[in-house]
4 protein chains.
Amino acid sequence: MQEVFPFVSKYAELMITDLEQSNLEAELYFLALPHGTAMQVAKKLLEQGKKVVDLSADFRLQDVKVYEQWYQVKHLAQEYLDKAVYGLPEIYAEEIKKASLIANPGCYPTSVILGLYPALKYDLIEPENLIIDSKSGTTGAGRSPKEATLFCEVYDNFYAYNLARHRHTPEIEQELSKACAKEVKVCFSTHLLPLNRGILSTIYADLKVDLQRVFEVYKDFYGSKKWVKVLPLGTLPQVRWVRGTFSCFIGLVEDKRTGKLIVVSAIDNLCRGASGQALANANLLCGYPLEMGLISTALVP
Amino acid sequence: MQEVFPFVSKYAELMITDLEQSNLEAELYFLALPHGTAMQVAKKLLEQGKKVVDLSADFRLQDVKVYEQWYQVKHLAQEYLDKAVYGLPEIYAEEIKKASLIANPGCYPTSVILGLYPALKYDLIEPENLIIDSKSGTTGAGRSPKEATLFCEVYDNFYAYNLARHRHTPEIEQELSKACAKEVKVCFSTHLLPLNRGILSTIYADLKVDLQRVFEVYKDFYGSKKWVKVLPLGTLPQVRWVRGTFSCFIGLVEDKRTGKLIVVSAIDNLCRGASGQALANANLLCGYPLEMGLISTALVP
Amino acid sequence: MQEVFPFVSKYAELMITDLEQSNLEAELYFLALPHGTAMQVAKKLLEQGKKVVDLSADFRLQDVKVYEQWYQVKHLAQEYLDKAVYGLPEIYAEEIKKASLIANPGCYPTSVILGLYPALKYDLIEPENLIIDSKSGTTGAGRSPKEATLFCEVYDNFYAYNLARHRHTPEIEQELSKACAKEVKVCFSTHLLPLNRGILSTIYADLKVDLQRVFEVYKDFYGSKKWVKVLPLGTLPQVRWVRGTFSCFIGLVEDKRTGKLIVVSAIDNLCRGASGQALANANLLCGYPLEMGLISTALVP
Amino acid sequence: MQEVFPFVSKYAELMITDLEQSNLEAELYFLALPHGTAMQVAKKLLEQGKKVVDLSADFRLQDVKVYEQWYQVKHLAQEYLDKAVYGLPEIYAEEIKKASLIANPGCYPTSVILGLYPALKYDLIEPENLIIDSKSGTTGAGRSPKEATLFCEVYDNFYAYNLARHRHTPEIEQELSKACAKEVKVCFSTHLLPLNRGILSTIYADLKVDLQRVFEVYKDFYGSKKWVKVLPLGTLPQVRWVRGTFSCFIGLVEDKRTGKLIVVSAIDNLCRGASGQALANANLLCGYPLEMGLISTALVP
């Protein structure tokens, strides 16, 4: 461990064992594997009565047809799809506590669903014509060496990618459809930011009420969920405000001239989008407080 | 000059004189002044028969009411508003050649208008429901010291600002309305990128034809205008591809699932958005080739 | 507070009071004031029997002549100079525990003194001919708006500044001279890194013993001081390995061809150079564990 | 070509041919190949009477033993070593014009040799005890995907690498030894800057004369060589001042307290260190003006 990450030397005693050979003593397993592989390992673990928090996409989509169409692989653990709980604590905390398999949400969907859920659930916006313009730091692209993610390709640069075909789209649509009990389709765009961590999503919707009402509903919905912070009207989130934290910051704006609601949400794609959220889910699964091991102040600047 | 910019020492013999005192020998003047001030200086120069390329907003909006509402100052040179030509060479080259006053476009509007003009002019999209999500490098914020533009505030950070109230909005609407001879309103959002130069605009519209048709119309419209490059379908522009150049790169995507056209346009906000475009306009004004002094390859990386 | 730093809202109940008016209930005071001002406030507080951790340079230099020569101000609290303890816990922990006035070290000196102290104390290098080439992130330049620290001036740039005249020089020389009981003069250079936090100092000295011996002395000296990590030979520190932490990482290299020892030390100039170290000193002063409130893992990337 | 670099499409008609099959019509060849391979291709070309500008290290070191010791490969074209000219125009312009094989200098050595050459040639400093602390942008590490040069590894980070064993060391020593007709050994350190282009070298030497004399000798030596700019005393170079140019900027400082001369030199490691310098050498080789195709202003910011 110390060879790979000299800065975590104090955790260097972590054991690294072969999953096949090791007699699985642990009660709970985090899977950080490619989609397609994760489902097979999860299946083995679940059959032995283990609890699993899966960071891949394999158990996020309840409709196997949608999964196979977007990910282009056959699903080999379909029997567990309806047992999987989508691991977004603000929405599914109760289900998570009782579950044995958690589908940890994607980083983009976390920022989008937290940003839109109350507006759709409480009928504040039209469910049609949703535009989601998301921007993510480069850690979202993973750590395996590719020319596209070399420093000199990303630094001092900015561009859009995977327009109209990003694999996080069906996941967003599934959860937003549940929120308003209508089928929701979204136009979802992603961009690569020349920084390490942080996702900012700028979301456009046709507004049905006035902004003050939206603000009150959001404050009310997230009031008891302290890791989502609805900013005062007039303040917009910055990605550095959440860097290194489990928080999601939300800003709300009305464009009176065009009748649009603009929701801006910011998260740290690692601490909230992936590993941090996996830990929060594990905490709930094991009956610990959600934030155990997650409390930290943003590293700003 | 050498004191301020040691790297341009070979131009250090540039004369710096007091506008009042100097007997105005030059035929053409570039004004890089705050709005409100520019109009007064422009007026003086025009009264003496000089040619003016104004980089401020003072002569961009033909409707004085719109100007005064968005900029909150009284217009003191209204008699010149209808003489001013909006300095976007791809659209107004002929008018520019005959003009004596050029209103140099804003940087954001340049990227947006070049991206949408053909689609609206040739009725490829609905003029309603246009969403423009723009991102700009920090040179766009000017060089006067402010806490908000300090390195430690911008670096490793990203956020949206001026949502639903950016002053470039009426300029965009004026030109897009002319393109389709209908009143166009846009939902225009701006974001600050942690890099120096470059604007990328991601534009969403309701598509009325198929993508291939859009591609052909754009290729045809910009075919003879070599500084706008319509990228092959499947390729999206990156801001570094235009860094240091007068070029605008445009990418086109169709989101079949939602019926949207996504236009992505990239420019260097300095070379195309401001100073470079001012020079191009001066070239046309003086009967020189548009690109004189502007030919350069992108500095990549 | 929330207005200035929206991300620290959970501490928004911090009281902000006027030093003059407030009846000074607190036992200990942190002073983050300009040099010249700090000494006057410190004096007042000390006269009332308060404890002071001063982050300015006012009490770092025991020789008032040296102070006045480098800082060009008259010292107005000389009677407290010999009571002040230089707040570098690895060297002065015992004195700090008994002190009432701590002179919190500068950020550059912290990285340099920790890097050289054992080598000079145990006669492993010549005390002459020391070259210190330091590089610091931009937070070191403070937060008041200046053209030189605007994003567009620092980003994608790198340069040296204050060569042969940086005010941290006498502070370094004072402590290194104490280490070897000889007068030490150093050639100290500083550079501005286009990043926020982190100081890396590359230090060159004439080596008197072999590298293995240096390594053993450093391991031994810092063995019980767990916030300084001497890296295995062959590994060199990176500033991100200490970002957000109180740690100092040290790498040791021998250049056999020229007989030089190269010491590379890395710290977070905020967490170790300034505020973090002030807190550590306050902890010792109050009889708390040094690391109280300082334990954190580096935010990497 | 357009596939790899969409932004250079106007040069897309460049022919890409197989060296073996093509009948070598061209008179001059640029070799951008790994060391070890370059020498073999160069040999073939030279045997056919072609001119070669080699960007590898294969012909930089005149002593084959030194080459084989530092690069750990056998030299397979030793018969051409004494025909090769070291391609630093400020020093070898006359030889370059007559040569058929140019060994294009390394990027680090270019910045160091230009910075120290006059001081050693005119006996202004001691040839012993030279410390060179260099910092380079990440383009210096090449474009092949490696974990170490991924964006998230380099961004917001800084570290030293290859201390006391960088392969550019012997090349620097060879040229500096020639300058003063004594054997020179240097302590040479390299660091990775979180930016794309630019090398800044901070060089420390024992000064034998006063600074004014150094300044005059440098001005005189580089007076006719317009691509090296000796900055006024008190001004230090910034890497952005040379970005995108063939220029080398040099700043000179005296540390009176320690008797050191500090030379700071800045280049663009691509335009001056590698490709640009290769082009300048080709120009001289073909009897064209040195700067043909190289004149450009720095892209600042």
# chains A, B, ... in the order shown; residues from 1 in each chain; ligands from 1

call {"tool": "residues_around", "arguments": {"residues": "segment 213-221 of chain B", "least_positions_apart": "3", "cutoff": "7 Å", "atoms": "only C-alpha atoms", "output": "PyMOL selection string"}}
result
chain B and resi 118+124+209-210+230

call {"tool": "write_last_selection", "arguments": {"atoms": "N, CA and C atoms", "output": "PDB file, in the first residue's frame"}}
result
ATOM      1  N   PRO B 118     -27.119  30.049 -38.331  1.00  0.00           N
ATOM      2  CA  PRO B 118     -27.665  29.322 -39.493  1.00  0.00           C
ATOM      3  C   PRO B 118     -28.925  28.519 -39.145  1.00  0.00           C
ATOM      4  N   LEU B 124     -34.253  25.648 -38.936  1.00  0.00           N
ATOM      5  CA  LEU B 124     -33.949  24.260 -38.581  1.00  0.00           C
ATOM      6  C   LEU B 124     -34.370  23.942 -37.155  1.00  0.00           C
ATOM      7  N   VAL B 209     -35.604  19.457 -38.035  1.00  0.00           N
ATOM      8  CA  VAL B 209     -35.166  18.629 -39.169  1.00  0.00           C
ATOM      9  C   VAL B 209     -34.193  17.578 -38.641  1.00  0.00           C
ATOM     10  N   ASP B 210     -33.592  16.799 -39.536  1.00  0.00           N
ATOM     11  CA  ASP B 210     -32.636  15.822 -39.009  1.00  0.00           C
ATOM     12  C   ASP B 210     -31.222  16.399 -38.987  1.00  0.00           C
ATOM     13  N   VAL B 230     -16.856  24.041 -39.092  1.00  0.00           N
ATOM     14  CA  VAL B 230     -17.886  23.098 -38.674  1.00  0.00           C
ATOM     15  C   VAL B 230     -17.257  21.709 -38.635  1.00  0.00           C
TER      16      VAL B 230
END

call {"tool": "residues_around", "arguments": {"residues": "Val253 of chain D", "least_positions_apart": "2", "cutoff": "8 Å", "atoms": "only C-alpha atoms", "output": "list of chain:residue names"}}
result
C:Leu163, C:Ala164, D:Leu211, D:Leu233, D:Gly234, D:Gly251, D:Asp255, D:Leu261, D:Ile262, D:Val263

call {"tool": "closest_atom_pairs", "arguments": {"of": "chain B", "to": "chain D", "cutoff": "7 Å", "atoms": "only C-alpha atoms", "output": "tab-separated table"}}
result
residue	atom	partner	partner_atom	distance
B:Phe7	CA	D:Trp241	CA	5.1
B:Asn196	CA	D:Pro301	CA	6.4
B:Trp241	CA	D:Phe7	CA	5.2
B:Gly244	CA	D:Leu299	CA	6.9
B:Ala298	CA	D:Phe7	CA	6.9
B:Leu299	CA	D:Gly244	CA	6.9
B:Pro301	CA	D:Asn196	CA	6.4

call {"tool": "write_last_selection", "arguments": {"atoms": "all heavy atoms", "output": "mmCIF file, in the first residue's frame"}}
result
data_model
loop_
_atom_site.group_PDB
_atom_site.id
_atom_site.type_symbol
_atom_site.label_atom_id
_atom_site.label_comp_id
_atom_site.auth_asym_id
_atom_site.auth_seq_id
_atom_site.Cartn_x
_atom_site.Cartn_y
_atom_site.Cartn_z
ATOM 1 N N PHE B 7 7.515 41.239 -22.032
ATOM 2 C CA PHE B 7 7.633 40.302 -23.157
ATOM 3 C C PHE B 7 7.317 40.957 -24.495
ATOM 4 O O PHE B 7 7.546 40.392 -25.533
ATOM 5 C CB PHE B 7 6.723 39.094 -22.939
ATOM 6 C CG PHE B 7 5.315 39.484 -22.602
ATOM 7 C CD1 PHE B 7 4.376 39.633 -23.611
ATOM 8 C CD2 PHE B 7 4.939 39.709 -21.288
ATOM 9 C CE1 PHE B 7 3.075 40.002 -23.303
ATOM 10 C CE2 PHE B 7 3.640 40.081 -20.983
ATOM 11 C CZ PHE B 7 2.716 40.228 -21.984
ATOM 12 N N ASN B 196 -7.303 30.459 -18.473
ATOM 13 C CA ASN B 196 -7.194 31.856 -18.884
ATOM 14 C C ASN B 196 -8.097 32.239 -20.052
ATOM 15 O O ASN B 196 -8.891 33.160 -19.961
ATOM 16 C CB ASN B 196 -5.744 32.195 -19.242
ATOM 17 C CG ASN B 196 -4.872 32.324 -18.007
ATOM 18 O OD1 ASN B 196 -5.387 32.376 -16.884
ATOM 19 N ND2 ASN B 196 -3.572 32.335 -18.189
ATOM 20 N N TRP B 241 -8.207 23.940 -28.946
ATOM 21 C CA TRP B 241 -8.052 23.880 -30.402
ATOM 22 C C TRP B 241 -8.114 25.261 -31.049
ATOM 23 O O TRP B 241 -7.702 25.433 -32.188
ATOM 24 C CB TRP B 241 -9.124 22.981 -31.025
ATOM 25 C CG TRP B 241 -8.968 21.535 -30.692
ATOM 26 C CD1 TRP B 241 -7.924 20.937 -30.033
ATOM 27 C CD2 TRP B 241 -9.891 20.481 -30.991
ATOM 28 N NE1 TRP B 241 -8.151 19.585 -29.893
ATOM 29 C CE2 TRP B 241 -9.348 19.291 -30.488
ATOM 30 C CE3 TRP B 241 -11.135 20.435 -31.631
ATOM 31 C CZ2 TRP B 241 -9.990 18.050 -30.599
ATOM 32 C CZ3 TRP B 241 -11.782 19.208 -31.759
ATOM 33 C CH2 TRP B 241 -11.211 18.026 -31.250
ATOM 34 N N GLY B 244 -5.445 31.139 -29.000
ATOM 35 C CA GLY B 244 -4.504 31.981 -29.729
ATOM 36 C C GLY B 244 -4.892 32.226 -31.175
ATOM 37 O O GLY B 244 -4.116 32.784 -31.940
ATOM 38 N N ALA B 298 -3.141 27.272 -33.372
ATOM 39 C CA ALA B 298 -3.439 27.173 -31.945
ATOM 40 C C ALA B 298 -2.194 26.731 -31.178
ATOM 41 O O ALA B 298 -1.423 25.898 -31.664
ATOM 42 C CB ALA B 298 -4.567 26.181 -31.720
ATOM 43 N N LEU B 299 -1.981 27.308 -29.993
ATOM 44 C CA LEU B 299 -0.882 26.884 -29.124
ATOM 45 C C LEU B 299 -1.389 25.704 -28.294
ATOM 46 O O LEU B 299 -2.106 25.900 -27.307
ATOM 47 C CB LEU B 299 -0.438 28.032 -28.224
ATOM 48 C CG LEU B 299 0.897 27.837 -27.505
ATOM 49 C CD1 LEU B 299 2.039 27.779 -28.504
ATOM 50 C CD2 LEU B 299 1.141 28.957 -26.524
ATOM 51 N N PRO B 301 -0.232 21.814 -26.705
ATOM 52 C CA PRO B 301 -0.974 22.178 -25.493
ATOM 53 C C PRO B 301 -0.530 23.589 -25.056
ATOM 54 O O PRO B 301 0.457 24.099 -25.556
ATOM 55 C CB PRO B 301 -0.515 21.130 -24.499
ATOM 56 C CG PRO B 301 0.860 20.759 -24.936
ATOM 57 C CD PRO B 301 0.871 20.868 -26.429
#

call {"tool": "select_by_dssp", "arguments": {"residues": "segment 39-271 of chain D", "states": "helix (DSSP H, G or I)", "output": "PyMOL selection string"}}
result
chain D and resi 39-47+64-71+78-80+89-98+107-121+138-141+147-149+151-154+169-180+211-222+239-241

call {"tool": "closest_residue", "arguments": {"among": "A:Ala179, A:Leu81, A:Leu285, A:Ile199", "to": "Glu27 of chain A", "atoms": "only C-alpha atoms"}}
result
A:Leu285

call {"tool": "residues_around", "arguments": {"residues": "Gln78 of chain A", "least_positions_apart": "4", "cutoff": "9 Å", "atoms": "only C-alpha atoms", "output": "PyMOL selection string"}}
result
chain A and resi 39+59+64+82

call {"tool": "atom_distance", "arguments": {"atom1": "atom CA of Ser100 of chain C", "atom2": "atom CA of Gly142 of chain C"}}
result
27.0 Å

call {"tool": "residues_around", "arguments": {"residues": "Asp123 of chain B", "least_positions_apart": "4", "cutoff": "8 Å", "atoms": "only C-alpha atoms", "output": "list in words"}}
result
Ala119, Cys180 and Lys208 of chain B

call {"tool": "write_last_selection", "arguments": {"atoms": "C-alpha atoms", "output": "PDB file, in the first residue's frame"}}
result
ATOM      1  CA  ALA B 119     -30.108  27.131 -37.545  1.00  0.00           C
ATOM      2  CA  CYS B 180     -35.184  34.436 -37.983  1.00  0.00           C
ATOM      3  CA  LYS B 208     -37.242  20.607 -36.609  1.00  0.00           C
TER       4      LYS B 208
END

call {"tool": "residues_around", "arguments": {"residues": "segment 45-55 of chain C", "least_positions_apart": "5", "cutoff": "7 Å", "atoms": "only C-alpha atoms", "output": "MDAnalysis selection string"}}
result
chainID C and resid 27:32 100:104 274 278 282

call {"tool": "residues_around", "arguments": {"residues": "Val228 of chain C", "least_positions_apart": "4", "cutoff": "9 Å", "atoms": "only C-alpha atoms", "output": "NGL selection string"}}
result
:C and (90 or 114 or 222-223 or 246-250)

call {"tool": "closest_residue", "arguments": {"among": "A:Ile172, A:Pro194, A:Arg167, A:Tyr67", "to": "Val154 of chain B", "atoms": "only C-alpha atoms"}}
result
A:Pro194

call {"tool": "residues_around", "arguments": {"residues": "Glu173 of chain D", "least_positions_apart": "3", "cutoff": "6 Å", "atoms": "only C-alpha atoms", "output": "short mmCIF file (atom, residue, chain, number, x, y, z; two decimals) with N, CA, C and O atoms, in the first residue's frame"}}
result
data_model
loop_
_atom_site.label_atom_id
_atom_site.label_comp_id
_atom_site.auth_asym_id
_atom_site.auth_seq_id
_atom_site.Cartn_x
_atom_site.Cartn_y
_atom_site.Cartn_z
N PRO D 170 25.38 15.13 -18.26
CA PRO D 170 26.67 15.11 -19.00
C PRO D 170 26.69 16.11 -20.15
O PRO D 170 27.74 16.68 -20.47
N LEU D 176 29.60 23.27 -20.78
CA LEU D 176 30.16 24.25 -19.83
C LEU D 176 31.67 24.07 -19.70
O LEU D 176 32.41 25.05 -19.54
N SER D 177 32.12 22.83 -19.79
CA SER D 177 33.57 22.59 -19.73
C SER D 177 34.26 23.25 -20.91
O SER D 177 35.33 23.86 -20.77
N VAL D 184 34.10 20.79 -15.82
CA VAL D 184 33.05 21.30 -14.94
C VAL D 184 32.12 20.16 -14.53
O VAL D 184 31.72 19.35 -15.38
N LYS D 185 31.81 20.09 -13.24
CA LYS D 185 30.80 19.16 -12.75
C LYS D 185 29.69 19.98 -12.14
O LYS D 185 29.95 20.99 -11.48
#

call {"tool": "closest_residue", "arguments": {"among": "D:Ala148, D:Leu24, D:Ile295, D:Ala266", "to": "Leu279 of chain D", "atoms": "only C-alpha atoms"}}
result
D:Ile295

call {"tool": "select_by_dssp", "arguments": {"residues": "segment 20-240 of chain D", "states": "strand (DSSP E or B)", "output": "ChimeraX atom specification"}}
result
/D:28-31,51-54,85-86,101-103,125,130-136,150,159-161,186-192,199-207,228-230,238

call {"tool": "write_last_selection", "arguments": {"atoms": "C-alpha atoms", "output": "PDB file, in the first residue's frame"}}
result
ATOM      1  CA  LEU D  28      16.848  17.316 -44.810  1.00  0.00           C
ATOM      2  CA  TYR D  29      15.322  15.068 -42.118  1.00  0.00           C
ATOM      3  CA  PHE D  30      14.138  15.754 -38.587  1.00  0.00           C
ATOM      4  CA  LEU D  31      14.435  12.701 -36.329  1.00  0.00           C
ATOM      5  CA  LYS D  51      21.145  16.280 -43.817  1.00  0.00           C
ATOM      6  CA  VAL D  52      19.849  15.300 -40.380  1.00  0.00           C
ATOM      7  CA  VAL D  53      18.595  17.258 -37.388  1.00  0.00           C
ATOM      8  CA  ASP D  54      18.348  14.685 -34.613  1.00  0.00           C
ATOM      9  CA  VAL D  85      27.420  19.703 -34.227  1.00  0.00           C
ATOM     10  CA  TYR D  86      25.656  20.599 -30.976  1.00  0.00           C
ATOM     11  CA  LEU D 101      24.317  16.304 -38.720  1.00  0.00           C
ATOM     12  CA  ILE D 102      22.938  18.409 -35.908  1.00  0.00           C
ATOM     13  CA  ALA D 103      22.529  17.079 -32.371  1.00  0.00           C
ATOM     14  CA  ILE D 125      32.324  32.735 -11.584  1.00  0.00           C
ATOM     15  CA  LEU D 130      27.614  24.984  -9.499  1.00  0.00           C
ATOM     16  CA  ILE D 131      24.055  24.227  -8.353  1.00  0.00           C
ATOM     17  CA  ILE D 132      21.317  24.047 -10.982  1.00  0.00           C
ATOM     18  CA  ASP D 133      17.731  23.847  -9.768  1.00  0.00           C
ATOM     19  CA  SER D 134      15.478  23.411 -12.827  1.00  0.00           C
ATOM     20  CA  LYS D 135      11.708  23.200 -13.109  1.00  0.00           C
ATOM     21  CA  SER D 136       9.893  22.003 -16.235  1.00  0.00           C
ATOM     22  CA  LEU D 150      -2.115  11.673 -15.764  1.00  0.00           C
ATOM     23  CA  TYR D 159       7.836  17.470  -6.763  1.00  0.00           C
ATOM     24  CA  ALA D 160      11.489  16.851  -7.592  1.00  0.00           C
ATOM     25  CA  TYR D 161      12.542  13.834  -9.687  1.00  0.00           C
ATOM     26  CA  VAL D 186      27.314  20.346 -11.817  1.00  0.00           C
ATOM     27  CA  CYS D 187      24.753  19.377  -9.219  1.00  0.00           C
ATOM     28  CA  PHE D 188      21.635  19.273 -11.395  1.00  0.00           C
ATOM     29  CA  SER D 189      18.082  18.898 -10.032  1.00  0.00           C
ATOM     30  CA  THR D 190      14.816  18.692 -11.929  1.00  0.00           C
ATOM     31  CA  HIS D 191      11.230  19.322 -10.809  1.00  0.00           C
ATOM     32  CA  LEU D 192       7.832  18.800 -12.479  1.00  0.00           C
ATOM     33  CA  ILE D 199      11.398  25.604 -18.130  1.00  0.00           C
ATOM     34  CA  LEU D 200      12.779  27.890 -15.458  1.00  0.00           C
ATOM     35  CA  SER D 201      16.304  27.192 -14.211  1.00  0.00           C
ATOM     36  CA  THR D 202      17.597  28.831 -11.049  1.00  0.00           C
ATOM     37  CA  ILE D 203      21.394  28.576 -11.083  1.00  0.00           C
ATOM     38  CA  TYR D 204      23.784  29.259  -8.196  1.00  0.00           C
ATOM     39  CA  ALA D 205      27.499  30.012  -8.626  1.00  0.00           C
ATOM     40  CA  ASP D 206      30.339  31.576  -6.633  1.00  0.00           C
ATOM     41  CA  LEU D 207      30.753  35.090  -8.004  1.00  0.00           C
ATOM     42  CA  VAL D 228      18.318  35.668 -25.855  1.00  0.00           C
ATOM     43  CA  LYS D 229      17.069  38.606 -23.823  1.00  0.00           C
ATOM     44  CA  VAL D 230      19.104  39.711 -20.792  1.00  0.00           C
ATOM     45  CA  GLN D 238       8.504  34.399 -15.998  1.00  0.00           C
TER      46      GLN D 238
END

call {"tool": "decode", "arguments": {"residues": "segment 95-157 of chain D", "atoms": "C-alpha atoms", "output": "compact mmCIF listing (two decimals), in the first residue's frame"}}
result
# COMPACT_ATOMS: atom_id res chain seq x y z
CA GLU D 95 29.54 25.24 -37.38
CA ILE D 96 25.83 24.48 -37.83
CA LYS D 97 25.78 26.21 -41.22
CA LYS D 98 28.48 23.85 -42.50
CA ALA D 99 27.25 20.67 -40.81
CA SER D 100 25.22 17.75 -42.14
CA LEU D 101 24.32 16.30 -38.72
CA ILE D 102 22.94 18.41 -35.91
CA ALA D 103 22.53 17.08 -32.37
CA ASN D 104 19.58 19.15 -31.19
CA PRO D 105 20.15 20.07 -27.52
CA GLY D 106 18.00 18.84 -24.68
CA CYS D 107 15.46 21.30 -23.28
CA TYR D 108 17.01 21.54 -19.81
CA PRO D 109 20.55 21.96 -21.16
CA THR D 110 19.39 24.76 -23.47
CA SER D 111 18.11 26.77 -20.52
CA VAL D 112 21.19 26.02 -18.40
CA ILE D 113 23.94 26.52 -20.99
CA LEU D 114 22.48 29.81 -22.24
CA GLY D 115 22.28 30.92 -18.62
CA LEU D 116 25.86 30.06 -17.64
CA TYR D 117 27.95 30.20 -20.83
CA PRO D 118 29.12 33.85 -20.70
CA ALA D 119 29.87 33.67 -16.97
CA LEU D 120 32.18 30.71 -17.45
CA LYS D 121 33.70 31.83 -20.74
CA TYR D 122 34.67 35.21 -19.29
CA ASP D 123 35.74 33.88 -15.88
CA LEU D 124 33.07 35.71 -13.87
CA ILE D 125 32.32 32.73 -11.58
CA GLU D 126 34.14 29.74 -10.12
CA PRO D 127 33.71 26.63 -12.28
CA GLU D 128 33.32 24.52 -9.14
CA ASN D 129 30.30 24.31 -6.88
CA LEU D 130 27.61 24.98 -9.50
CA ILE D 131 24.06 24.23 -8.35
CA ILE D 132 21.32 24.05 -10.98
CA ASP D 133 17.73 23.85 -9.77
CA SER D 134 15.48 23.41 -12.83
CA LYS D 135 11.71 23.20 -13.11
CA SER D 136 9.89 22.00 -16.24
CA GLY D 137 6.36 21.85 -17.56
CA THR D 138 4.81 18.44 -18.19
CA THR D 139 5.17 18.42 -21.98
CA GLY D 140 8.78 17.55 -21.21
CA ALA D 141 7.59 14.10 -20.13
CA GLY D 142 6.25 13.15 -23.56
CA ARG D 143 2.80 12.07 -24.72
CA SER D 144 2.71 8.32 -24.11
CA PRO D 145 0.14 7.45 -21.42
CA LYS D 146 1.74 6.83 -18.03
CA GLU D 147 0.12 6.97 -14.61
CA ALA D 148 2.71 9.52 -13.47
CA THR D 149 1.65 12.05 -16.11
CA LEU D 150 -2.11 11.67 -15.76
CA PHE D 151 -3.87 14.96 -15.08
CA CYS D 152 -4.89 13.98 -11.55
CA GLU D 153 -1.31 13.07 -10.63
CA VAL D 154 0.27 16.33 -11.82
CA TYR D 155 -2.45 18.92 -11.24
CA ASP D 156 -2.23 20.82 -7.97
CA ASN D 157 1.05 19.01 -7.29
